[in-house]
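Enquirer: Please see the structure below; I have some questions.
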Amino acid sequence: MNSSLTSIASSARERADGLGLLALRLFVAQEFFQAGLMKVSAGLTAPEWFAGLDFPPMLAWLGPDLNWVAAGLGEVVLGAAIGLGLLSRLAALGLMFITWVAVYTVHFDLGWAGWNQIETEGGLGFKVPLMLGLMCLAILTQGAGRFSVDAWLCGRQVRRHHDTPGAIQTHP
C-alpha cells in the first residue's frame, strides 16, 4: 500500500513539474507585454513625464525618445519571449535590466507602496517592480521549465544527438 501511494505521489509530482514556472512566466509576460504595448501604442515620442526623467548615465545619452521606444519594444518582445519560454533566461535578464532602469528613474523616489496603496498620487512605488524583478530572477536562475519552447528545443537537440550514428551514449 505504501509503495502505491509513493508511486501516485511521484507520478503527480512529475505531471505538475514545471506548472509553477509556467504560471510565473505567464504572469510576468502579461505584465511586461501590457506595459510595453502601452508605450508602443503611444507613439515614438516620449511623453513629457518620461522626457523629464533622470536616466542612468549609460542611457542618458540616448535621449528620452529612444529610451521610450527601446523600453516599449523591449517589454513587448522580451515579455512575449518569457511567455513562450523562448530564450527565457536571456529575456529575463533583459527584463531585469529594464526593471532596474524603471526603478532607478521613476519608482524608487515614490517609495515602498503596500498592496492597498500601490498607486499613489505620484504614481507607482517600487514594490511591484521589485517583485517583477525577483520573478525574472527566478526565471533567470531556474529556466523556463518543462512547458516552454526552450524545453521543446532542448528535447529535440537531445533526441537528434542520440539518433546520430556513432553517438556516445552517456546514460543507460
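Naming works like this for the C-alpha cells: A, B, ... for the chains as they're shown, residue 1 at the start of each chain, ligands 1 onward in shown order.
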Excluding segment 59-68 of chain A and any residue of its chain fewer than 4 positions from it, enumerate the residues within 7 Å of it, using only C-alpha atoms, and give them as JSON, numbers by chain.
Expert: {"A": [44, 45, 46, 50, 51, 55, 72]}
Enquirer: Since we have the selection now, will you write its residues out, keeping N, CA, C and O atoms, as a compact mmCIF listing (two decimals), in the first residue's frame?
Expert:
```
# COMPACT_ATOMS: atom_id res chain seq x y z
N LEU A 44 6.22 57.22 -31.08
CA LEU A 44 7.68 57.24 -31.00
C LEU A 44 8.22 58.40 -30.17
O LEU A 44 9.42 58.45 -29.91
N THR A 45 7.36 59.30 -29.78
CA THR A 45 7.80 60.45 -28.99
C THR A 45 7.44 60.21 -27.52
O THR A 45 6.30 59.91 -27.20
N ALA A 46 8.44 60.35 -26.68
CA ALA A 46 8.23 60.14 -25.24
C ALA A 46 7.30 61.20 -24.69
O ALA A 46 7.41 62.38 -25.04
N PHE A 50 7.96 61.35 -19.09
CA PHE A 50 9.08 60.44 -19.34
C PHE A 50 10.31 61.23 -19.77
O PHE A 50 11.43 60.92 -19.37
N ALA A 51 10.10 62.25 -20.58
CA ALA A 51 11.20 63.06 -21.08
C ALA A 51 11.92 63.80 -19.95
O ALA A 51 13.10 64.11 -20.06
N PHE A 55 17.79 59.65 -16.37
CA PHE A 55 18.20 58.29 -16.72
C PHE A 55 19.60 58.00 -16.20
O PHE A 55 20.40 58.90 -16.02
N GLY A 72 9.68 50.26 -24.58
CA GLY A 72 8.42 49.67 -25.06
C GLY A 72 8.65 48.42 -25.89
O GLY A 72 8.01 47.38 -25.65
```
Enquirer: With 8 Å as the cut-off and only C-alpha atoms counted, what is the closest atom pair between each nearby residue of segment 43-92 of chain A and segment 17-28 of chain A? Distances in Å to one decimal, ordered by chain and number, as JSON lines.
Expert:
```
{"residue": "A:Gly79", "atom": "CA", "partner": "A:Val28", "partner_atom": "CA", "distance": 7.2}
{"residue": "A:Ile82", "atom": "CA", "partner": "A:Arg25", "partner_atom": "CA", "distance": 5.8}
{"residue": "A:Gly83", "atom": "CA", "partner": "A:Leu26", "partner_atom": "CA", "distance": 5.0}
{"residue": "A:Gly85", "atom": "CA", "partner": "A:Arg25", "partner_atom": "CA", "distance": 7.5}
```
Enquirer: Can you work out the spacing between atom CA of Leu93 of chain A and atom CA of His107 of chain A in Å, to one decimal?
Expert: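 Separation between atom CA of Leu93 of chain A and atom CA of His107 of chain A: 19.3 Å.
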Enquirer: Name all residues at most 12 Å from Ala35 of chain A (count only C-alpha atoms; drop same-chain ones fewer than 4 positions away) and give them as a VMD selection string.
Expert: chain A and resid 28 to 31 39 to 42 68 to 69 71 to 80 95 98 to 99 102 129
Enquirer: Report, in Å with one decimal, the straight-line distance from atom CA of Cys136 of chain A to atom CA of Ser10 of chain A.
Expert: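 Interatomic distance, atom CA of Cys136 of chain A to atom CA of Ser10 of chain A: 28.4 Å.
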